[in-house]
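Asker: Next comes data-v7.txt, compact mmCIF, C-alpha atoms and all ligand atoms:
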# COMPACT_ATOMS: atom_id res chain seq x y z
CA MET G 1 28.24 -18.61 26.27
CA LYS G 2 27.05 -17.22 29.54
CA LYS G 3 29.78 -14.66 29.49
CA LEU G 4 28.95 -13.56 25.96
CA ILE G 5 25.49 -12.25 26.72
CA PRO G 6 25.26 -10.42 30.05
CA SER G 7 22.16 -10.93 32.16
CA TYR G 8 20.95 -7.34 31.73
CA ILE G 9 20.55 -8.10 28.02
CA ARG G 10 19.47 -11.72 28.34
CA ILE G 11 16.54 -11.04 30.69
CA PRO G 12 14.86 -8.28 28.63
CA VAL G 13 15.38 -10.20 25.38
CA ILE G 14 13.77 -13.38 26.73
CA PHE G 15 11.02 -11.43 28.45
CA PHE G 16 10.03 -9.38 25.42
CA SER G 17 10.24 -12.36 23.05
CA VAL G 18 7.80 -14.28 25.22
CA GLY G 19 5.57 -11.21 25.52
CA ALA G 20 5.63 -10.65 21.75
CA ALA G 21 4.89 -14.34 21.09
CA MET G 22 1.84 -14.19 23.36
CA GLU G 23 0.66 -11.03 21.65
CA TYR G 24 1.03 -12.75 18.30
CA PHE G 25 -0.69 -16.02 19.12
CA ILE G 26 -3.49 -14.78 21.34
CA ASP G 27 -6.33 -13.28 19.39
CA SER G 28 -7.33 -10.16 21.28
CA GLY G 29 -8.98 -8.05 18.59
CA ASP G 30 -7.77 -4.47 18.36
CA ARG G 31 -6.62 -4.22 21.98
CA PRO G 32 -3.30 -5.61 23.25
CA ALA G 33 -3.73 -9.10 24.70
CA PHE G 34 -2.37 -8.17 28.13
CA ILE G 35 -4.99 -5.44 28.50
CA LYS G 36 -7.87 -7.61 27.36
CA TYR G 37 -6.83 -10.56 29.51
CA PRO G 38 -5.32 -9.38 32.82
CA MET G 39 -4.22 -12.98 33.46
CA ILE G 40 -1.55 -12.49 30.81
CA LEU G 41 -0.20 -9.47 32.64
CA LEU G 42 -0.06 -11.55 35.81
CA PHE G 43 1.65 -14.38 33.96
CA LEU G 44 4.23 -12.03 32.44
CA GLY G 45 4.87 -10.51 35.87
CA VAL G 46 5.49 -13.92 37.42
CA PHE G 47 7.62 -14.89 34.43
CA LEU G 48 9.82 -11.80 34.81
CA PHE G 49 10.14 -12.45 38.52
CA LEU G 50 11.23 -16.05 37.85
CA LEU G 51 13.75 -14.95 35.22
CA ILE G 52 15.39 -12.58 37.67
CA ALA G 53 15.26 -15.17 40.45
CA ILE G 54 16.94 -17.79 38.26
CA GLU G 55 19.71 -15.33 37.36
CA ILE G 56 20.33 -14.54 41.02
CA VAL G 57 20.36 -18.19 42.04
CA ASN G 58 22.69 -19.03 39.16
CA LYS G 59 25.07 -16.29 40.17
CA ALA G 60 25.03 -17.43 43.79
CA VAL G 61 25.69 -21.07 42.84
CA ASP G 62 28.56 -19.96 40.60
CA ASN G 63 30.02 -17.96 43.46
CA VAL G 64 29.78 -20.83 45.92
CA THR G 65 31.29 -23.39 43.55
CA TYR G 66 34.05 -20.96 42.67
CA HIS G 67 35.10 -20.81 46.29
CA LEU G 68 35.18 -24.61 46.45
CA LEU G 69 37.60 -24.87 43.53
CA THR G 70 41.31 -25.47 44.02
CA GLU G 71 43.77 -22.82 42.87
CA GLU G 72 44.63 -24.91 39.83
CA GLN G 73 40.99 -25.30 38.82
CA LYS G 74 40.41 -21.60 39.31
CA GLU G 75 43.24 -20.88 36.94
CA LYS G 76 41.78 -23.25 34.33
CA LEU G 77 38.35 -21.70 34.64
CA LYS G 78 39.79 -18.27 34.17
CA GLN G 79 41.56 -19.37 31.03
CA ALA G 80 38.43 -20.99 29.62
CA GLN G 81 36.40 -17.87 30.34
CA ASN G 82 38.93 -15.59 28.77
CA LEU G 83 38.91 -17.48 25.50
CA SER G 84 37.14 -15.55 22.77
CA PHE G 85 34.18 -17.15 21.07
CA ARG G 86 36.20 -18.15 18.00
CA ASP G 87 38.81 -19.86 20.17
CA SER G 88 36.29 -21.89 22.13
CA GLU G 89 36.33 -25.69 21.76
CA TRP G 90 32.71 -25.71 20.77
CA TYR G 91 33.19 -23.29 17.89
CA LYS G 92 36.36 -25.01 16.71
CA SER G 93 34.80 -28.46 16.58
CA LEU G 94 31.75 -27.12 14.77
CA MET G 95 33.96 -25.46 12.18
CA HIS G 96 35.96 -28.62 11.76
CA LYS G 97 32.81 -30.69 11.26
CA LEU G 98 31.58 -28.29 8.61
CA THR G 99 34.81 -27.89 6.66
CA ARG G 100 37.05 -30.88 7.54
CA THR G 101 40.07 -28.72 6.80
CA VAL G 102 43.54 -30.07 7.38
CA PRO G 103 45.94 -27.86 9.33
CA ILE G 104 48.58 -26.21 7.19
CA ASP G 105 51.46 -28.10 8.78
CA LYS G 106 49.92 -31.41 7.70
CA GLU G 107 49.19 -30.29 4.17
CA ASN G 108 52.10 -32.21 2.64
CA GLN G 109 50.17 -35.42 3.38
CA LEU G 110 47.53 -34.29 0.92
CA LEU G 111 49.86 -33.20 -1.80
CA LEU G 112 49.19 -34.93 -5.14
CA ASP G 113 52.05 -35.48 -7.47
CA HIS G 114 50.53 -33.08 -9.95
CA ASP G 115 52.77 -30.20 -10.68
CA TYR G 116 51.78 -27.54 -13.17
CA ASP G 117 54.79 -25.30 -13.69
CA GLY G 118 55.34 -25.19 -9.97
CA ILE G 119 51.65 -24.95 -9.05
CA LYS G 120 50.83 -27.94 -6.86
CA GLU G 121 47.52 -29.58 -6.10
CA LEU G 122 46.10 -30.65 -2.74
CA ASP G 123 43.63 -33.52 -2.41
CA ASN G 124 41.29 -31.87 0.11
CA THR G 125 38.01 -33.55 1.00
CA LEU G 126 34.94 -31.73 -0.20
CA PRO G 127 33.71 -29.56 2.68
CA PRO G 128 30.72 -31.29 4.32
CA TRP G 129 28.64 -28.09 4.44
CA TRP G 130 28.85 -27.97 0.65
CA VAL G 131 28.24 -31.69 0.16
CA TYR G 132 25.13 -31.63 2.38
CA LEU G 133 23.84 -28.61 0.58
CA PHE G 134 24.22 -30.55 -2.63
CA TYR G 135 22.29 -33.52 -1.20
CA ILE G 136 19.56 -31.16 -0.07
CA THR G 137 19.20 -29.78 -3.60
CA ILE G 138 18.82 -33.34 -4.91
CA VAL G 139 16.11 -34.10 -2.37
CA PHE G 140 14.45 -30.78 -3.14
CA ALA G 141 14.46 -31.52 -6.87
CA GLY G 142 12.91 -34.94 -6.23
CA ILE G 143 10.12 -33.51 -4.12
CA TYR G 144 9.56 -30.66 -6.60
CA LEU G 145 9.38 -33.05 -9.53
CA PHE G 146 6.89 -35.27 -7.79
CA ARG G 147 4.76 -32.44 -6.44
CA PHE G 148 4.37 -30.41 -9.60
CA HIS G 149 4.64 -33.02 -12.33
CA PHE G 150 2.90 -36.02 -10.80
CA ALA G 151 0.84 -34.91 -7.82
CA GLY G 152 -0.57 -31.95 -9.78
CA ALA G 153 0.05 -29.16 -7.28
CA ASP G 154 -0.89 -25.68 -8.46
CA ASP G 155 1.65 -23.96 -10.66
CA GLN G 156 2.00 -20.19 -10.67
CA GLU G 157 -0.63 -19.63 -13.30
CA MET G 158 -3.15 -21.74 -11.43
CA GLU G 159 -2.32 -19.93 -8.21
CA LEU G 160 -2.92 -16.60 -9.92
CA GLN G 161 -6.26 -17.75 -11.29
CA LYS G 162 -7.39 -18.98 -7.91
CA GLU G 163 -6.35 -15.74 -6.25
CA MET G 164 -8.15 -13.70 -8.88
CA ALA G 165 -11.30 -15.76 -8.37
CA GLN G 166 -11.03 -15.31 -4.63
CA ALA G 167 -10.45 -11.57 -5.08
CA LYS G 168 -13.62 -11.33 -7.18
CA ILE G 169 -15.61 -12.97 -4.41
CA GLU G 170 -14.11 -10.60 -1.88
CA ILE G 171 -14.87 -7.56 -4.02
CA ALA G 172 -18.47 -8.72 -4.37
CA GLU G 173 -18.68 -9.16 -0.59
CA TYR G 174 -17.24 -5.69 -0.09
CA MET G 175 -19.62 -4.10 -2.56
CA LYS G 176 -22.55 -5.57 -0.65
CA THR G 177 -21.62 -3.88 2.59
CA ALA G 178 -20.04 -0.65 1.34
CA PRO G 179 -22.88 1.57 0.09
CA ASP G 180 -20.54 4.15 -1.39
CA MET G 181 -18.94 1.56 -3.63
CA MET G 182 -22.07 0.90 -5.62
CA ASP G 183 -21.87 -0.12 -9.24
CA GLU G 184 -24.50 -0.83 -11.84
CA LYS G 185 -24.80 -4.42 -10.69
CA SER G 186 -25.57 -3.62 -7.08
CA VAL G 187 -27.53 -0.39 -7.51
CA THR G 188 -31.17 -0.42 -6.40
CA LEU G 189 -34.06 1.93 -7.04
CA LEU G 190 -34.79 4.30 -4.16
CA THR G 191 -38.37 5.37 -3.58
CA ASP G 192 -38.23 7.12 -0.20
CA LYS G 193 -39.02 10.83 -0.20
CA PRO G 194 -35.76 12.19 1.33
CA SER G 195 -33.62 10.36 -1.24
CA LEU G 196 -35.79 11.55 -4.11
CA ALA G 197 -35.66 15.10 -2.77
CA GLU G 198 -31.88 14.91 -2.68
CA GLY G 199 -31.94 13.44 -6.16
CA LYS G 200 -33.99 16.42 -7.32
CA THR G 201 -31.47 18.87 -5.85
CA ILE G 202 -28.64 17.09 -7.63
CA PHE G 203 -30.65 17.06 -10.84
CA ASP G 204 -31.51 20.77 -10.63
CA THR G 205 -27.88 21.79 -10.13
CA ASN G 206 -26.18 19.45 -12.59
CA CYS G 207 -28.59 18.13 -15.13
CA ALA G 208 -31.47 20.58 -15.60
CA ALA G 209 -29.42 22.71 -18.02
CA CYS G 210 -29.64 19.99 -20.65
CA HIS G 211 -32.58 17.88 -19.56
CA ARG G 212 -34.80 20.76 -18.37
CA ALA G 213 -35.93 21.15 -14.77
CA ASP G 214 -38.97 18.95 -15.36
CA GLY G 215 -36.95 16.35 -17.30
CA GLY G 216 -38.71 17.20 -20.55
CA GLY G 217 -35.38 17.55 -22.36
CA THR G 218 -33.64 20.25 -24.45
CA ILE G 219 -30.09 19.39 -25.41
CA GLY G 220 -30.42 16.07 -23.68
CA PRO G 221 -33.30 13.72 -24.36
CA ASN G 222 -36.64 13.63 -22.62
CA LEU G 223 -36.27 11.61 -19.45
CA THR G 224 -39.96 11.37 -18.60
CA ASP G 225 -41.15 9.09 -21.39
CA ASP G 226 -40.75 5.36 -21.66
CA HIS G 227 -38.33 5.65 -24.57
CA TRP G 228 -34.65 5.29 -23.78
CA ILE G 229 -31.64 5.68 -26.01
CA LEU G 230 -29.27 4.02 -23.63
CA GLY G 231 -31.63 1.73 -21.79
CA GLY G 232 -34.07 2.40 -18.96
CA GLY G 233 -34.40 0.93 -15.53
CA ILE G 234 -32.25 1.84 -12.56
CA LYS G 235 -29.22 -0.18 -13.65
CA ASN G 236 -28.97 1.29 -17.15
CA VAL G 237 -29.72 4.85 -16.03
CA PHE G 238 -27.11 4.55 -13.31
CA HIS G 239 -24.67 3.18 -15.88
CA THR G 240 -25.36 6.11 -18.22
CA ILE G 241 -24.84 8.68 -15.48
CA MET G 242 -21.69 6.96 -14.31
CA ASN G 243 -20.13 6.42 -17.74
CA GLY G 244 -21.78 9.04 -19.92
CA GLY G 245 -23.63 8.66 -23.19
CA ARG G 246 -22.37 7.93 -26.65
CA ASP G 247 -19.26 9.76 -27.79
CA SER G 248 -19.70 13.43 -28.73
CA LYS G 249 -23.40 13.48 -27.88
CA GLY G 250 -22.88 15.77 -24.90
CA MET G 251 -23.69 13.51 -21.94
CA ILE G 252 -20.49 13.27 -19.91
CA SER G 253 -19.50 10.71 -17.35
CA TRP G 254 -20.40 11.97 -13.88
CA LYS G 255 -18.30 9.61 -11.86
CA GLY G 256 -15.69 12.28 -11.16
CA THR G 257 -18.30 14.74 -9.88
CA LEU G 258 -20.93 12.65 -8.15
CA LYS G 259 -20.50 9.92 -5.58
CA PRO G 260 -22.11 6.55 -6.35
CA LYS G 261 -24.75 7.25 -3.69
CA GLU G 262 -25.59 10.56 -5.35
CA MET G 263 -25.80 8.94 -8.77
CA GLN G 264 -28.19 6.40 -7.30
CA LYS G 265 -30.38 9.17 -5.92
CA VAL G 266 -30.46 11.23 -9.09
CA ALA G 267 -31.12 8.10 -11.16
CA SER G 268 -33.99 7.18 -8.86
CA TYR G 269 -35.32 10.73 -9.13
CA ILE G 270 -35.24 10.57 -12.93
CA LEU G 271 -37.16 7.32 -12.89
CA SER G 272 -39.74 8.87 -10.56
CA LEU G 273 -40.46 11.35 -13.38
CA GLN G 274 -41.68 8.55 -15.66
CA GLY G 275 -45.00 9.38 -17.23
CA THR G 276 -45.21 12.95 -15.82
CA ASN G 277 -45.66 14.17 -19.37
CA PRO G 278 -44.40 17.77 -19.01
CA LYS G 279 -45.52 20.45 -21.44
CA ASP G 280 -43.53 20.88 -24.68
CA ALA G 281 -41.37 17.91 -23.89
CA LYS G 282 -38.88 16.73 -26.45
CA VAL G 283 -40.08 14.01 -28.75
CA ALA G 284 -39.29 10.50 -27.62
CA GLU G 285 -35.93 9.12 -28.68
CA GLY G 286 -34.69 5.58 -28.49
CA GLU G 287 -36.79 2.54 -27.90
CA ILE G 288 -39.52 1.62 -25.50
CA TRP G 289 -37.81 -0.04 -22.65
CA ALA G 290 -39.43 -2.77 -20.62
CA GLU G 291 -38.01 -4.11 -17.36
CA LYS G 292 -37.82 -7.70 -18.56
CA VAL G 293 -34.85 -6.77 -20.77
CA THR G 294 -32.71 -6.67 -17.60
CA THR G 295 -32.38 -10.44 -17.73
CA LYS G 296 -30.42 -10.02 -20.93
CA ILE G 297 -28.04 -7.55 -19.38
CA ASP G 298 -24.81 -8.96 -18.16
CA SER G 299 -21.97 -7.18 -16.49
CA THR G 300 -19.94 -6.68 -19.64
CA ASN G 301 -22.69 -5.06 -21.63
CA ILE G 302 -25.10 -3.16 -19.46
CA LYS G 303 -26.68 -1.24 -22.29
CA SER G 304 -29.18 -3.51 -23.95
CA ASP G 305 -28.64 -4.18 -27.59
CA SER G 306 -31.13 -1.54 -28.73
CA LEU G 307 -29.07 1.50 -29.54
CA LYS G 308 -31.02 2.38 -32.65
CA THR G 309 -32.82 5.70 -32.60
CA LYS G 310 -36.46 5.49 -33.46
CA ASN G 311 -38.28 8.78 -33.79
C1 LIG K 401 -24.26 19.01 -21.35
C2 LIG K 401 -25.63 18.58 -21.37
C3 LIG K 401 -26.02 17.47 -20.40
C4 LIG K 401 -25.92 17.47 -19.05
C5 LIG K 401 -25.38 18.55 -18.14
C6 LIG K 401 -26.47 16.21 -18.62
N1 LIG K 401 -26.87 15.46 -19.68
FE1 LIG K 401 -27.73 13.64 -19.60
N2 LIG K 401 -27.73 13.56 -21.63
C7 LIG K 401 -27.28 14.55 -22.46
C8 LIG K 401 -27.33 14.07 -23.83
C9 LIG K 401 -26.92 14.84 -25.06
C10 LIG K 401 -27.79 12.74 -23.76
C11 LIG K 401 -27.96 11.74 -24.94
C12 LIG K 401 -26.70 10.88 -24.93
C13 LIG K 401 -26.64 9.94 -26.10
O1 LIG K 401 -27.46 10.06 -27.00
O2 LIG K 401 -25.72 9.08 -26.06
C14 LIG K 401 -28.03 12.46 -22.37
C15 LIG K 401 -28.53 11.25 -21.91
C16 LIG K 401 -28.86 11.01 -20.60
C17 LIG K 401 -29.49 9.82 -20.13
C18 LIG K 401 -29.92 8.65 -21.00
C19 LIG K 401 -31.23 8.94 -21.65
C20 LIG K 401 -31.69 7.83 -22.58
O3 LIG K 401 -32.63 8.08 -23.30
O4 LIG K 401 -31.08 6.74 -22.53
C21 LIG K 401 -29.65 9.94 -18.79
C22 LIG K 401 -30.28 8.93 -17.87
C23 LIG K 401 -29.08 11.21 -18.42
N3 LIG K 401 -28.62 11.84 -19.55
C24 LIG K 401 -29.03 11.67 -17.13
C25 LIG K 401 -28.34 12.84 -16.77
C26 LIG K 401 -28.11 13.22 -15.41
C27 LIG K 401 -28.56 12.47 -14.18
C28 LIG K 401 -27.40 14.38 -15.45
C29 LIG K 401 -26.88 15.18 -14.29
C30 LIG K 401 -26.07 14.51 -13.36
C31 LIG K 401 -27.21 14.71 -16.84
N4 LIG K 401 -27.78 13.75 -17.62
C32 LIG K 401 -26.56 15.83 -17.29
C33 LIG K 401 -26.86 15.81 -22.10
C34 LIG K 401 -26.60 16.21 -20.80
How does this structure look as structure tokens?
Answerer:
Amino acid sequence: MKKLIPSYIRIPVIFFSVGAAMEYFIDSGDRPAFIKYPMILLFLGVFLFLLIAIEIVNKAVDNVTYHLLTEEQKEKLKQAQNLSFRDSEWYKSLMHKLTRTVPIDKENQLLLDHDYDGIKELDNTLPPWWVYLFYITIVFAGIYLFRFHFAGADDQEMELQKEMAQAKIEIAEYMKTAPDMMDEKSVTLLTDKPSLAEGKTIFDTNCAACHRADGGGTIGPNLTDDHWILGGGIKNVFHTIMNGGRDSKGMISWKGTLKPKEMQKVASYILSLQGTNPKDAKVAEGEIWAEKVTTKIDSTNIKSDSLKTKN
């Protein structure tokens, strides 16, 4: 074996495997472990030094013993070293253990007296590698049967359900910390001046054409009264802006144009217009909306059940 892999390959392979293993098992955040912990660098240095030292010592011992050998022994050693891997004793005995083949010259001992038009049959033993594989499948089946039919381990469907549940939790976690990923469940009303000012800018550029600069309404409904077609309150207003109004009424979904943060700001701005009562505002449409309705709202149906228009 020694001859098969020369030392200039063996040393780097061992060295880098150990280095990679340390990198894998030692938690060092985003920096490589050997930079975060200089001790590791020291350890690897000593390790490399030892590897090289062992190789040198080995070589020296081999040299010395070689000189002590008799001519006959030297000849034998040479022969053994010159054998290819497949000719080596070790490989041959392993192969024999796995296959239990009978050499061709002894095949007549196995010959059965079956003769099919000149085709003869040998009574070979089943190769052990195959037989053991078969035993392993039996054991596997036993364990499988017990685990999934008696011990009640999760089947694929259960695994999927659990993963989906876990994913939902993770999404909720993510939504909490990522402000740009807001949805109607996590949106909150902003009241600070800078946000409302930004909301006004967004409103003036995108929405004023239909809702009028003061929110009094033209094509779109009056946004300053307490009547809402699609539900009031920050969550419903956000939902309307994000998903648009009823089909063919003219209020498009803005999620392609505005970022969630911007929708939050413009929604907050609209709500800050409540009760401003601009001149010549459009007559109220929809129903009076009171905050307590929010308790009825669940994630699947954000709009409250009052879609009737009451003029
Ligand atoms: C093309 C005209 C148009 C534009 C532009 C427009 N809207 Fe609308 N908007 C409408 C119409 C029409 C409705 C009524 C939808 C319905 O009845 O389903 C509406 C409804 C709404 C509602 C719900 C009102 C209620 O009573 O429930 C909100 C909130 C709203 N718009 C906000 C906005 C915001 C914010 C913008 C800008 C980002 C905007 N709209 C841009 C036409 C428009």
Asker: Which residues are close to Gly275 in chain G, i.e. within 10 Å by all atoms listed in the file, leaving aside same-chain residues fewer than 4 positions away? Reply as a PDB file with C-alpha atoms, in the frame of the given file.
Answerer:
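Below you can see result.pdb, which holds the result:
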ATOM      1  CA  LEU G 223     -36.270  11.610 -19.450  1.00  0.00           C
ATOM      2  CA  THR G 224     -39.960  11.370 -18.600  1.00  0.00           C
ATOM      3  CA  ASP G 225     -41.150   9.090 -21.390  1.00  0.00           C
ATOM      4  CA  ASP G 226     -40.750   5.360 -21.660  1.00  0.00           C
ATOM      5  CA  LEU G 271     -37.160   7.320 -12.890  1.00  0.00           C
TER       6      LEU G 271
END
Asker: With 3 Å of padding per side, what axis-aligned box (centre and edge lengths, Å, one decimal) covers all the listed atoms of ligand LIG 401 (chain K)? Give it as lines of an AutoDock Vina configuration file.
Answerer:
center_x = -28.4
center_y = 12.9
center_z = -20.2
size_x = 14.4
size_y = 18.3
size_z = 19.6
Asker: Give one line per residue of chain G that approaches ligand LIG 401 (chain K) to at most 8 Å, naming the two atoms of the closest pair and their distance in Å to one decimal, counting all atoms listed in the file; sort by chain then ascending residue number and deliver it as a tab-separated table.
Answerer:
residue	atom	partner	partner_atom	distance
G:Ile202	CA	K:LIG401	C30	6.8
G:Phe203	CA	K:LIG401	C29	5.4
G:Thr205	CA	K:LIG401	C29	7.9
G:Asn206	CA	K:LIG401	C29	4.6
G:Cys207	CA	K:LIG401	C29	3.5
G:Ala208	CA	K:LIG401	C5	6.9
G:Ala209	CA	K:LIG401	C5	5.8
G:Cys210	CA	K:LIG401	C2	4.3
G:His211	CA	K:LIG401	N1	6.2
G:Ile219	CA	K:LIG401	C9	5.6
G:Gly220	CA	K:LIG401	C8	3.7
G:Pro221	CA	K:LIG401	C10	5.6
G:Asn222	CA	K:LIG401	O3	6.9
G:Leu223	CA	K:LIG401	C19	6.1
G:His227	CA	K:LIG401	O3	6.3
G:Trp228	CA	K:LIG401	O3	3.5
G:Ile229	CA	K:LIG401	O4	3.7
G:Leu230	CA	K:LIG401	O4	3.4
G:Gly231	CA	K:LIG401	O4	5.1
G:Gly232	CA	K:LIG401	O4	6.4
G:Asn236	CA	K:LIG401	C22	7.8
G:Val237	CA	K:LIG401	C22	4.5
G:Phe238	CA	K:LIG401	C22	7.1
G:Thr240	CA	K:LIG401	C22	5.7
G:Ile241	CA	K:LIG401	C24	5.4
G:Gly244	CA	K:LIG401	C12	7.3
G:Gly245	CA	K:LIG401	O2	3.6
G:Arg246	CA	K:LIG401	O2	3.6
G:Asp247	CA	K:LIG401	O2	6.7
G:Ser248	CA	K:LIG401	O2	7.9
G:Lys249	CA	K:LIG401	C9	4.7
G:Gly250	CA	K:LIG401	C9	4.1
G:Met251	CA	K:LIG401	C7	3.8
G:Ile252	CA	K:LIG401	N1	6.7
G:Trp254	CA	K:LIG401	C30	6.2
G:Leu258	CA	K:LIG401	C30	7.6
G:Met263	CA	K:LIG401	C27	7.0
G:Val266	CA	K:LIG401	C27	5.6
G:Ala267	CA	K:LIG401	C27	5.9
G:Ile270	CA	K:LIG401	C27	7.1
G:Glu285	CA	K:LIG401	O3	6.4
G:Gly286	CA	K:LIG401	O3	6.1
Asker: Give me, please, the distance in Å between CA of Glu23 in chain G and CA of Phe47 in chain G, quoted to one decimal.
Answerer: 15.1 Å
Asker: For range 52-62 of chain G, please output as an mmCIF file with C-alpha atoms, in the frame of the given file all residues within 9 Å (counting only C-alpha atoms; exclusion window: fewer than 5 positions along the same chain).
Answerer:
data_model
loop_
_atom_site.group_PDB
_atom_site.id
_atom_site.type_symbol
_atom_site.label_atom_id
_atom_site.label_comp_id
_atom_site.auth_asym_id
_atom_site.auth_seq_id
_atom_site.Cartn_x
_atom_site.Cartn_y
_atom_site.Cartn_z
ATOM 1 C CA SER G 7 22.160 -10.930 32.160
ATOM 2 C CA ILE G 11 16.540 -11.040 30.690
ATOM 3 C CA PHE G 47 7.620 -14.890 34.430
ATOM 4 C CA HIS G 67 35.100 -20.810 46.290
#
Asker: What's the separation between CA of Thr99 in chain G and CA of Pro128 in chain G, in Å to one decimal place?
Answerer: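 Here the two named atoms are 5.8 Å from each other.
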Asker: Skip range 34-40 of chain G itself and residues of its chain fewer than 4 positions away, then list as a list in words all residues within 12 Å of it, counting all atoms listed in the file.
Answerer: Val18, Gly19, Ala20, Ala21, Met22, Glu23, Tyr24, Ile26, Asp27, Ser28, Gly29, Asp30, Leu44, Gly45, Val46 and Phe47 of chain G
Asker: Between CA of Ile136 in chain G and CA of Ala153 in chain G, measure the distance and give it in Å to one decimal.
Answerer: 20.9 Å
Asker: Skip Pro127 in chain G itself and residues of its chain fewer than 5 positions away, then list as a VMD selection string all residues within 8 Å of it, counting only C-alpha atoms.
Answerer: chain G and resid 98 to 101
Asker: Hey, what's within 6 Å of Gly216 in chain G if we count only C-alpha atoms and toss same-chain stuff fewer than 4 positions away? As an mmCIF file with C-alpha atoms, in the frame of the given file, please?
Answerer:
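Final output, saved to part_18.cif:
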data_model
loop_
_atom_site.group_PDB
_atom_site.id
_atom_site.type_symbol
_atom_site.label_atom_id
_atom_site.label_comp_id
_atom_site.auth_asym_id
_atom_site.auth_seq_id
_atom_site.Cartn_x
_atom_site.Cartn_y
_atom_site.Cartn_z
ATOM 1 C CA ARG G 212 -34.800 20.760 -18.370
ATOM 2 C CA ASN G 222 -36.640 13.630 -22.620
ATOM 3 C CA PRO G 278 -44.400 17.770 -19.010
ATOM 4 C CA ALA G 281 -41.370 17.910 -23.890
ATOM 5 C CA LYS G 282 -38.880 16.730 -26.450
#
Asker: Restricting the calculation to all atoms listed in the file: of G:Phe85, G:Tyr269, G:Tyr8, G:Tyr91, which residue gets closest to Ser195 in chain G?
Answerer: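 Nearest candidate to Ser195 in chain G out of G:Phe85, G:Tyr269, G:Tyr8, G:Tyr91: G:Tyr269.
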Asker: Considering all atoms listed in the file, can you say which of G:His96, G:Lys261, G:His239, G:Arg86 comes closest to Glu198 in chain G?
Answerer: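 Ranked by minimum distance to Glu198 in chain G, first place goes to G:Lys261.
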Asker: Using only C-alpha atoms for the distances, tell me which of G:Ala213, G:Val283, G:Ile119, G:Met181 is nearest to Gln264 in chain G.
Answerer: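 Among G:Ala213, G:Val283, G:Ile119, G:Met181, it is G:Met181 that comes nearest to Gln264 in chain G.
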